[in-house]
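Step one of this worksheet: look at the structure below.
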Amino acid sequence: MARERKFSIDELFHETKQLLLKHGYDGFTFGLLADSLNVSRGALYKYFENKDELLTNFIFYEMDQFLLKLKQIDDQQGFEAQFDFLLQLIFSHVDIQKLIKIAQQIPGNEEKFGKLHFDMYQYLQGFIELGKQEGKLKSNIPNAIILGYIFQSVAIPNHFDIPTSVWVSSIKDVIRHGMFTNT
């Protein structure tokens, strides 16, 4: 009997992410993952009972990693520095929103993922309050709208392949100043 190839959790999660982003929840299978890792499907079943268990563990891991980095926002002095930090973090993890949407498709975990998503927004309340205290954000706009606007602005697809540096600075400019001229 041939010896089963070993793989690490990092390798497993890396390949899971690539296949999940490429094929989506419905197209992701243990067969695809096993082929990608060059192992048997049985090797995967030694670690996870089914696709949903693997994807749940993977997405929680990804979100935990994102939240650990997000907590570093408090190390930034002032709202502008926190804003730049947040956008840099979001742009370096653009797939997190796609993964959150995929996570919502996993049966039985809607509440868990919804809570994690809510916790992320709750954690950023201090960032928004700081912006309002410093007079950088309008105090009459609800915090949830400000956060949603930031996260959704970053999620705008770059269909025209605008260079990344121009894309990022333009998104920042629109968030900071809007798109209308003062005339």
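Quick note on naming: the chains in the structure tokens go A, B, ... in the order shown, residues restart at 1 in each chain, and ligands are numbered from 1 in order of appearance.
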
- Query: Could you name the residues that touch Ile102 in chain A at 9 Å or less, counting only C-alpha atoms, but leaving out those on the same chain fewer than 2 positions away, as a list in words?
  - Reply: Leu20, Leu21, Gly24, Tyr25, Ile59, Gln97, Lys98, Leu99, Ile100, Gln104, Gln105 and Ile106 of chain A

- Just how far from CA of Lys132 in chain A is CA of Gln76 in chain A, in Å to one decimal?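 Between CA of Gln76 in chain A and CA of Lys132 in chain A the gap is 16.2 Å.
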
- Message: Which residues are close to Phe13 in chain A, i.e. within 10 Å by only C-alpha atoms, leaving aside same-chain residues fewer than 4 positions away? Reply as a PyMOL selection string.
- Response: chain A and resi 8-9+17-19+33+54-55+57-59+61-62

- Message: Can you pull out every residue from chain A that DSSP, working from the backbone, puts in helix (DSSP H, G or I), and format the result as an NGL selection string?
- Response: :A and (9-27 or 30-37 or 41-45 or 51-75 or 79-92 or 95-103 or 110-123 or 125-133 or 143-154 or 164-177)

- Which of these residues is nearest to Ile171 in chain A, using only C-alpha atoms: A:Asn140, A:Gln65, A:Thr56, A:Asn158?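 Ranking A:Asn140, A:Gln65, A:Thr56, A:Asn158 by distance to Ile171 in chain A, first place goes to A:Asn158.
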
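Nearest residue to Asp119 in chain A, choosing from A:Trp167, A:Glu11, A:Lys71, A:Asn182 and counting only C-alpha atoms: A:Lys71.
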
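Distance check against Tyr47 in chain A using only C-alpha atoms: of A:Leu12, A:Ile73, A:Ser139, A:Ala144, the minimum falls on A:Leu12.
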
- Of the residues A:Phe48, A:Phe180, A:Phe151, A:Phe28, which is the one nearest to Tyr121 in chain A, using only C-alpha atoms? A:Phe151

- Task: Point out the residue among A:Ser169, A:Lys69, A:Asp75, A:Thr16 with the least atom-to-atom distance to Lys51 in chain A, counting only C-alpha atoms.
- Result: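 Using only C-alpha atoms, Lys51 in chain A sits closest to A:Thr16.
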
- Shortest contact to Lys112 in chain A, candidates A:Phe60, A:Gln82, A:Met179, A:Lys172, atoms counted only C-alpha atoms, goes to A:Phe60
